[in-house]
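**Q** First the structure, then my questions, so here it is.
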Amino acid sequence: MMMRDLTQVVHHPQVSEQGFASLAVPVYRASTIIFDSAQAYADRKDRGPDGYSYGLHGTPTTKMLEAQLSALEQADHSVILPSGQAAIAILFLTICQAGDEVLIPDNAYPAVRGFCEDYMAPRGIGHRIYDPMIGAGIGDMIGPSTRLIWTESPGSTSMEVGDLPAIAGAARVRGVLTGCDNTWATPLLFKPLTIGIDVAMEALTKYVGGHSDLLLGSLSLRDRSWYERIRSTMRMLGIGVSPEDCALALRGIETMGVRIGHIGRISTDFAHRLQSMPAVAKVLHPALPDCSGHDHWKRDFAGASGVFSIVLEPGCDGALDTALGDLRVFAIGASWGGSRSLIAPMSLDRARTVTPWLHEGRLLRISIGLEDPADLWDDLSRLLTSLVPAGSGG
Ligand SMILES: *Cc1c(COP(=O)(O)O)cnc(C)c1O
């Protein structure tokens, strides 16, 4: 049948794909998924959480990213969410109902504590905070309403590396699920599921994206039933992601190995060298022997990534804001993991509730990027030198 123009314009011509073999990730966009027959449409629910029924729930591009993450995490199932924070929130809401509680570490990504305090608590879901170095002692904190133990290692900004195998073991014997925010390590440096954690979460926004231009998160797990329940929460809340972003994440993963290898070497080198600078009270980096949990890091991780912190001598605070403004290579900002190196001034004294933060000086969180390391060192050492009051002898 010859179509009239206004019909033809909404029908895409068939073209041959014969001989087309590309290394690029194809971006499949869709809202509507069409069906061969009325029966297939009526039966679309039978396709289950892994079939195609509506673009919101995934296209082949989304599935490819899920499959790649499952392969890297040694998981059986993965879901992609609009951000790392969304991944955490959807997991907590899937597992916990009113009357339940989650245990979170004192060094968790700050928005996790905020979500527990300001969203879950008013809805009857409790939380308690634990010492990140608690290890197997977490068993004593597990009560009848504990449903999930959340971990993050190294912890945001303060960088303690917990004993995750001990926490996972203590939780498992009591039938409590465990989840791990693995954003710092990525599945290339640590695979939480292989040491007994139930759910690995990544802020893909960081090293997977790798270029400061996308926001995504993921959850990876082995248990089919929890996977289906997570999918069902996403479906009910109407949560899906853009296939373009998934294609960018797949591209980011291709170079993540060389990026992490490079920045891990530089962050470790800088961490060692920074220890002797007069403005620096302490360097917080898992590769340094005096870092809390350094032995856990050596045992469980395949290396370091590029984020670490330095605690400044208290006397340096006054000059800090002006000095940061004079940086030439480092940019001031959060959401690390991109090609540009970042510095973010932080303070932790009010962030802690069960393990007091004893350092007095301000903190600088540093994310090493892909610039020439010599330029980075010049910038950083100039900043730190300018913080030391003249004549203070250092
Ligand atoms: C950035 C980050 C998150 C949140 O990721 P978004 O995609 O920004 O929501 C969670 N955990 C850690 C450790 C992070 O650094």
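Labels used: A, B, ... for chains in the order of the structure tokens, numbers from 1 for residues in each chain, and numbers from 1 for ligands as shown.
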Mind dumping a table of every chain A residue within 10 Å of ligand 1, with the nearest atom pair and its distance in Å to one decimal, using only C-alpha atoms and all ligand atoms, sorted by chain and rising number, as JSON lines?
**A**
```
{"residue": "A:Leu81", "atom": "CA", "partner": "ligand 1", "partner_atom_place_in_ligand_line": "7 (O)", "distance": 8.9}
{"residue": "A:Pro82", "atom": "CA", "partner": "ligand 1", "partner_atom_place_in_ligand_line": "7 (O)", "distance": 7.3}
{"residue": "A:Ser83", "atom": "CA", "partner": "ligand 1", "partner_atom_place_in_ligand_line": "7 (O)", "distance": 3.7}
{"residue": "A:Gly84", "atom": "CA", "partner": "ligand 1", "partner_atom_place_in_ligand_line": "5 (O)", "distance": 3.4}
{"residue": "A:Gln85", "atom": "CA", "partner": "ligand 1", "partner_atom_place_in_ligand_line": "9 (O)", "distance": 3.8}
{"residue": "A:Ala86", "atom": "CA", "partner": "ligand 1", "partner_atom_place_in_ligand_line": "9 (O)", "distance": 6.3}
{"residue": "A:Ala87", "atom": "CA", "partner": "ligand 1", "partner_atom_place_in_ligand_line": "9 (O)", "distance": 7.9}
{"residue": "A:Ile88", "atom": "CA", "partner": "ligand 1", "partner_atom_place_in_ligand_line": "10 (C)", "distance": 7.7}
{"residue": "A:Ala89", "atom": "CA", "partner": "ligand 1", "partner_atom_place_in_ligand_line": "9 (O)", "distance": 9.9}
{"residue": "A:Asn107", "atom": "CA", "partner": "ligand 1", "partner_atom_place_in_ligand_line": "13 (C)", "distance": 9.8}
{"residue": "A:Ala108", "atom": "CA", "partner": "ligand 1", "partner_atom_place_in_ligand_line": "13 (C)", "distance": 7.5}
{"residue": "A:Tyr109", "atom": "CA", "partner": "ligand 1", "partner_atom_place_in_ligand_line": "11 (N)", "distance": 5.3}
{"residue": "A:Pro110", "atom": "CA", "partner": "ligand 1", "partner_atom_place_in_ligand_line": "11 (N)", "distance": 8.4}
{"residue": "A:Ala111", "atom": "CA", "partner": "ligand 1", "partner_atom_place_in_ligand_line": "10 (C)", "distance": 7.8}
{"residue": "A:Val112", "atom": "CA", "partner": "ligand 1", "partner_atom_place_in_ligand_line": "10 (C)", "distance": 7.9}
{"residue": "A:Glu152", "atom": "CA", "partner": "ligand 1", "partner_atom_place_in_ligand_line": "13 (C)", "distance": 7.0}
{"residue": "A:Ser153", "atom": "CA", "partner": "ligand 1", "partner_atom_place_in_ligand_line": "13 (C)", "distance": 8.3}
{"residue": "A:Pro154", "atom": "CA", "partner": "ligand 1", "partner_atom_place_in_ligand_line": "13 (C)", "distance": 8.5}
{"residue": "A:Gly155", "atom": "CA", "partner": "ligand 1", "partner_atom_place_in_ligand_line": "13 (C)", "distance": 7.3}
{"residue": "A:Ser156", "atom": "CA", "partner": "ligand 1", "partner_atom_place_in_ligand_line": "13 (C)", "distance": 5.7}
{"residue": "A:Thr157", "atom": "CA", "partner": "ligand 1", "partner_atom_place_in_ligand_line": "13 (C)", "distance": 8.9}
{"residue": "A:Cys180", "atom": "CA", "partner": "ligand 1", "partner_atom_place_in_ligand_line": "11 (N)", "distance": 9.7}
{"residue": "A:Asp181", "atom": "CA", "partner": "ligand 1", "partner_atom_place_in_ligand_line": "11 (N)", "distance": 6.0}
{"residue": "A:Asn182", "atom": "CA", "partner": "ligand 1", "partner_atom_place_in_ligand_line": "13 (C)", "distance": 7.0}
{"residue": "A:Thr183", "atom": "CA", "partner": "ligand 1", "partner_atom_place_in_ligand_line": "13 (C)", "distance": 5.1}
{"residue": "A:Trp184", "atom": "CA", "partner": "ligand 1", "partner_atom_place_in_ligand_line": "13 (C)", "distance": 6.2}
{"residue": "A:Ala185", "atom": "CA", "partner": "ligand 1", "partner_atom_place_in_ligand_line": "13 (C)", "distance": 9.5}
{"residue": "A:Met201", "atom": "CA", "partner": "ligand 1", "partner_atom_place_in_ligand_line": "11 (N)", "distance": 8.4}
{"residue": "A:Glu202", "atom": "CA", "partner": "ligand 1", "partner_atom_place_in_ligand_line": "11 (N)", "distance": 7.2}
{"residue": "A:Ala203", "atom": "CA", "partner": "ligand 1", "partner_atom_place_in_ligand_line": "5 (O)", "distance": 4.4}
{"residue": "A:Leu204", "atom": "CA", "partner": "ligand 1", "partner_atom_place_in_ligand_line": "7 (O)", "distance": 6.4}
{"residue": "A:Thr205", "atom": "CA", "partner": "ligand 1", "partner_atom_place_in_ligand_line": "7 (O)", "distance": 4.7}
{"residue": "A:Lys206", "atom": "CA", "partner": "ligand 1", "partner_atom_place_in_ligand_line": "1 (C)", "distance": 6.5}
{"residue": "A:Tyr207", "atom": "CA", "partner": "ligand 1", "partner_atom_place_in_ligand_line": "15 (O)", "distance": 9.7}
{"residue": "A:Gly209", "atom": "CA", "partner": "ligand 1", "partner_atom_place_in_ligand_line": "7 (O)", "distance": 9.9}
{"residue": "A:Leu214", "atom": "CA", "partner": "ligand 1", "partner_atom_place_in_ligand_line": "7 (O)", "distance": 8.3}
{"residue": "A:Leu215", "atom": "CA", "partner": "ligand 1", "partner_atom_place_in_ligand_line": "7 (O)", "distance": 5.1}
{"residue": "A:Leu216", "atom": "CA", "partner": "ligand 1", "partner_atom_place_in_ligand_line": "7 (O)", "distance": 5.3}
{"residue": "A:Gly217", "atom": "CA", "partner": "ligand 1", "partner_atom_place_in_ligand_line": "7 (O)", "distance": 5.7}
{"residue": "A:Ser218", "atom": "CA", "partner": "ligand 1", "partner_atom_place_in_ligand_line": "7 (O)", "distance": 9.3}
{"residue": "A:Val307", "atom": "CA", "partner": "ligand 1", "partner_atom_place_in_ligand_line": "15 (O)", "distance": 9.5}
{"residue": "A:Ala334", "atom": "CA", "partner": "ligand 1", "partner_atom_place_in_ligand_line": "1 (C)", "distance": 8.0}
{"residue": "A:Ser335", "atom": "CA", "partner": "ligand 1", "partner_atom_place_in_ligand_line": "1 (C)", "distance": 5.3}
{"residue": "A:Trp336", "atom": "CA", "partner": "ligand 1", "partner_atom_place_in_ligand_line": "15 (O)", "distance": 7.2}
{"residue": "A:Gly337", "atom": "CA", "partner": "ligand 1", "partner_atom_place_in_ligand_line": "15 (O)", "distance": 8.7}
```
**Q** Show me, as a PyMOL selection string, the residues that have an atom within 10 Å of range 129-138 of chain A when counting only C-alpha atoms, minus same-chain residues fewer than 2 positions from it.
**A** chain A and resi 102-108+113+127+140-142+149-155+159-171+292-293+352-356
**Q** Could you save the residues just selected, with C-alpha atoms, as a compact mmCIF listing (two decimals), in the first residue's frame?
**A**
```txt
# COMPACT_ATOMS: atom_id res chain seq x y z
CA VAL A 102 18.07 0.47 59.34
CA LEU A 103 21.54 0.81 60.84
CA ILE A 104 23.79 3.36 59.15
CA PRO A 105 27.45 4.24 59.80
CA ASP A 106 28.42 7.54 61.39
CA ASN A 107 30.50 8.38 58.30
CA ALA A 108 27.74 7.75 55.72
CA ARG A 113 21.37 10.46 57.21
CA HIS A 127 17.41 4.31 62.06
CA ASP A 140 24.92 -6.64 69.32
CA MET A 141 23.07 -3.71 67.76
CA ILE A 142 20.74 -5.83 65.66
CA ILE A 149 22.62 -2.68 57.72
CA TRP A 150 23.97 0.01 55.43
CA THR A 151 27.72 0.30 54.95
CA GLU A 152 29.98 2.70 53.14
CA SER A 153 33.68 2.06 52.91
CA PRO A 154 35.80 4.11 52.93
CA GLY A 155 33.34 6.48 54.60
CA MET A 159 37.81 7.69 54.92
CA GLU A 160 37.63 4.96 57.59
CA VAL A 161 37.58 1.48 56.06
CA GLY A 162 35.22 -0.77 58.00
CA ASP A 163 35.46 -4.54 58.44
CA LEU A 164 32.75 -5.33 55.90
CA PRO A 165 33.18 -9.13 55.88
CA ALA A 166 32.67 -9.11 59.67
CA ILE A 167 29.56 -6.91 59.39
CA ALA A 168 28.14 -9.03 56.56
CA GLY A 169 28.75 -12.21 58.54
CA ALA A 170 27.12 -10.89 61.71
CA ALA A 171 24.10 -9.70 59.72
CA SER A 292 41.56 3.85 60.32
CA GLY A 293 40.96 0.44 58.75
CA ARG A 352 29.08 12.92 63.74
CA THR A 353 26.77 11.62 66.44
CA VAL A 354 28.25 8.40 67.91
CA THR A 355 31.95 8.76 67.12
CA PRO A 356 33.03 12.32 67.92
```
**Q** What parts of range 24-94 of chain A does DSSP call alpha helix (DSSP H)? I'd like the answer as a PyMOL selection string.
**A** chain A and resi 38-42+60-73+84-94
**Q** Filtering to C-alpha atoms, could you give me those residues as a CSV table (one decimal), in the first residue's frame?
**A**
```csv
chain,number,residue,atom,x,y,z
A,38,ALA,CA,-3.7,-8.1,20.8
A,39,GLN,CA,-2.9,-11.3,22.8
A,40,ALA,CA,0.8,-10.3,23.2
A,41,TYR,CA,-0.4,-6.9,24.5
A,42,ALA,CA,-2.9,-8.5,26.9
A,60,PRO,CA,18.1,-2.6,25.3
A,61,THR,CA,20.5,0.2,26.2
A,62,THR,CA,19.4,0.2,29.9
A,63,LYS,CA,19.6,-3.6,29.9
A,64,MET,CA,23.2,-3.5,28.5
A,65,LEU,CA,24.3,-1.2,31.4
A,66,GLU,CA,22.5,-3.5,33.9
A,67,ALA,CA,24.2,-6.5,32.4
A,68,GLN,CA,27.7,-4.8,32.5
A,69,LEU,CA,27.3,-3.8,36.1
A,70,SER,CA,26.1,-7.3,37.0
A,71,ALA,CA,29.2,-8.8,35.3
A,72,LEU,CA,31.5,-6.4,37.2
A,73,GLU,CA,29.8,-6.8,40.6
A,84,GLY,CA,23.2,7.5,43.6
A,85,GLN,CA,20.9,9.0,46.2
A,86,ALA,CA,17.8,7.6,44.4
A,87,ALA,CA,19.4,4.1,44.5
A,88,ILE,CA,19.9,4.3,48.3
A,89,ALA,CA,16.4,5.7,48.8
A,90,ILE,CA,14.7,3.1,46.7
A,91,LEU,CA,16.6,0.3,48.4
A,92,PHE,CA,15.7,1.5,51.9
A,93,LEU,CA,12.0,2.0,50.9
A,94,THR,CA,11.8,-1.4,49.4
```
**Q** Work out how far apart CA of His57 in chain A and CA of Ser242 in chain A are and give it in Å to one decimal.
**A**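 Separation of CA of His57 in chain A and CA of Ser242 in chain A: 10.4 Å.
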**Q** Need the shell around His285 in chain A: protein/DNA/RNA residues with any atom at most 8 Å away, counting only C-alpha atoms. Skip same-chain ones fewer than 5 positions apart. Format as an MDAnalysis selection string?
**A** chainID A and resid 159 268 271 291 307:309
**Q** Could you write those residues out with all heavy atoms, as a PDB file, in the first residue's frame?
**A**
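Writing the result to part-v1.pdb gives the following:
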```pdb
ATOM      1  N   MET A 159      37.023   8.756  55.565  1.00  0.00           N
ATOM      2  CA  MET A 159      37.808   7.692  54.922  1.00  0.00           C
ATOM      3  C   MET A 159      38.103   6.448  55.764  1.00  0.00           C
ATOM      4  O   MET A 159      38.971   5.651  55.386  1.00  0.00           O
ATOM      5  CB  MET A 159      39.142   8.251  54.385  1.00  0.00           C
ATOM      6  CG  MET A 159      39.049   9.466  53.485  1.00  0.00           C
ATOM      7  SD  MET A 159      37.972   9.264  52.052  1.00  0.00           S
ATOM      8  CE  MET A 159      38.845   8.065  51.084  1.00  0.00           C
ATOM      9  N   THR A 268      47.684   8.305  45.897  1.00  0.00           N
ATOM     10  CA  THR A 268      48.506   7.648  46.913  1.00  0.00           C
ATOM     11  C   THR A 268      49.853   8.367  47.060  1.00  0.00           C
ATOM     12  O   THR A 268      50.327   8.619  48.173  1.00  0.00           O
ATOM     13  CB  THR A 268      48.722   6.163  46.541  1.00  0.00           C
ATOM     14  OG1 THR A 268      47.435   5.558  46.345  1.00  0.00           O
ATOM     15  CG2 THR A 268      49.463   5.417  47.626  1.00  0.00           C
ATOM     16  N   ALA A 271      49.194  11.630  48.812  1.00  0.00           N
ATOM     17  CA  ALA A 271      48.868  11.403  50.221  1.00  0.00           C
ATOM     18  C   ALA A 271      50.148  11.251  51.032  1.00  0.00           C
ATOM     19  O   ALA A 271      50.297  11.836  52.111  1.00  0.00           O
ATOM     20  CB  ALA A 271      47.981  10.170  50.367  1.00  0.00           C
ATOM     21  N   CYS A 291      45.756   5.195  58.529  1.00  0.00           N
ATOM     22  CA  CYS A 291      44.328   5.418  58.249  1.00  0.00           C
ATOM     23  C   CYS A 291      43.515   4.358  58.991  1.00  0.00           C
ATOM     24  O   CYS A 291      43.883   3.176  59.008  1.00  0.00           O
ATOM     25  CB  CYS A 291      44.064   5.312  56.746  1.00  0.00           C
ATOM     26  SG  CYS A 291      42.336   5.586  56.302  1.00  0.00           S
ATOM     27  N   VAL A 307      40.043   9.821  45.625  1.00  0.00           N
ATOM     28  CA  VAL A 307      39.443  10.748  46.586  1.00  0.00           C
ATOM     29  C   VAL A 307      40.020  10.495  47.971  1.00  0.00           C
ATOM     30  O   VAL A 307      40.069   9.358  48.427  1.00  0.00           O
ATOM     31  CB  VAL A 307      37.912  10.592  46.619  1.00  0.00           C
ATOM     32  CG1 VAL A 307      37.297  11.455  47.707  1.00  0.00           C
ATOM     33  CG2 VAL A 307      37.333  10.955  45.264  1.00  0.00           C
ATOM     34  N   PHE A 308      40.488  11.551  48.599  1.00  0.00           N
ATOM     35  CA  PHE A 308      40.981  11.453  49.970  1.00  0.00           C
ATOM     36  C   PHE A 308      40.856  12.830  50.601  1.00  0.00           C
ATOM     37  O   PHE A 308      40.427  13.785  49.944  1.00  0.00           O
ATOM     38  CB  PHE A 308      42.435  10.951  49.996  1.00  0.00           C
ATOM     39  CG  PHE A 308      43.426  11.886  49.353  1.00  0.00           C
ATOM     40  CD1 PHE A 308      44.243  12.705  50.130  1.00  0.00           C
ATOM     41  CD2 PHE A 308      43.544  11.962  47.968  1.00  0.00           C
ATOM     42  CE1 PHE A 308      45.158  13.563  49.545  1.00  0.00           C
ATOM     43  CE2 PHE A 308      44.449  12.830  47.372  1.00  0.00           C
ATOM     44  CZ  PHE A 308      45.259  13.631  48.161  1.00  0.00           C
ATOM     45  N   SER A 309      41.190  12.913  51.891  1.00  0.00           N
ATOM     46  CA  SER A 309      41.001  14.184  52.594  1.00  0.00           C
ATOM     47  C   SER A 309      42.263  14.563  53.338  1.00  0.00           C
ATOM     48  O   SER A 309      43.083  13.705  53.679  1.00  0.00           O
ATOM     49  CB  SER A 309      39.856  14.079  53.598  1.00  0.00           C
ATOM     50  OG  SER A 309      38.657  13.745  52.937  1.00  0.00           O
TER      51      SER A 309
END
```
**Q** If you run DSSP on this backbone, which residues of range 216-367 of chain A come out as strand (DSSP E), and could you give them as a list in words?
**A** Gly217, Ser218, Leu219, Ser220, Leu221, Val280, Ala281, Lys282, Val283, Leu284, Val307, Phe308, Ser309, Ile310, Val311, Leu312, Ala331, Ile332, Leu342, Ile343, Ala344, Pro345, Met346, Leu363, Leu364, Arg365, Ile366 and Ser367 of chain A
**Q** How many Å separate CA of Glu101 in chain A from CA of Trp226 in chain A?
**A** 17.2 Å
**Q** Near Leu219 in chain A, counting only C-alpha atoms, which residues have an atom at most 6 Å away, once you skip same-chain residues fewer than 6 positions from it, shown as a ChimeraX atom specification?
**A** /A:78-79,200-201
**Q** Between CA of Arg224 in chain A and CA of Asp36 in chain A, measure the distance and give it in Å to one decimal.
**A**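 About the pair CA of Arg224 in chain A and CA of Asp36 in chain A: they are 28.7 Å apart.
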**Q** With only C-alpha atoms as the atoms that count, which of A:Leu248, A:Gly315, A:Asp379, A:Gly303 lies nearest to Pro26 in chain A?
**A**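 Of the candidates, the smallest distance to Pro26 in chain A is held by A:Leu248.
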**Q** Would you mind telling me which residue in A:Thr32, A:Ser212, A:Thr186, A:Ser22 lies nearest to Gly58 in chain A when using only C-alpha atoms?
**A** A:Thr32
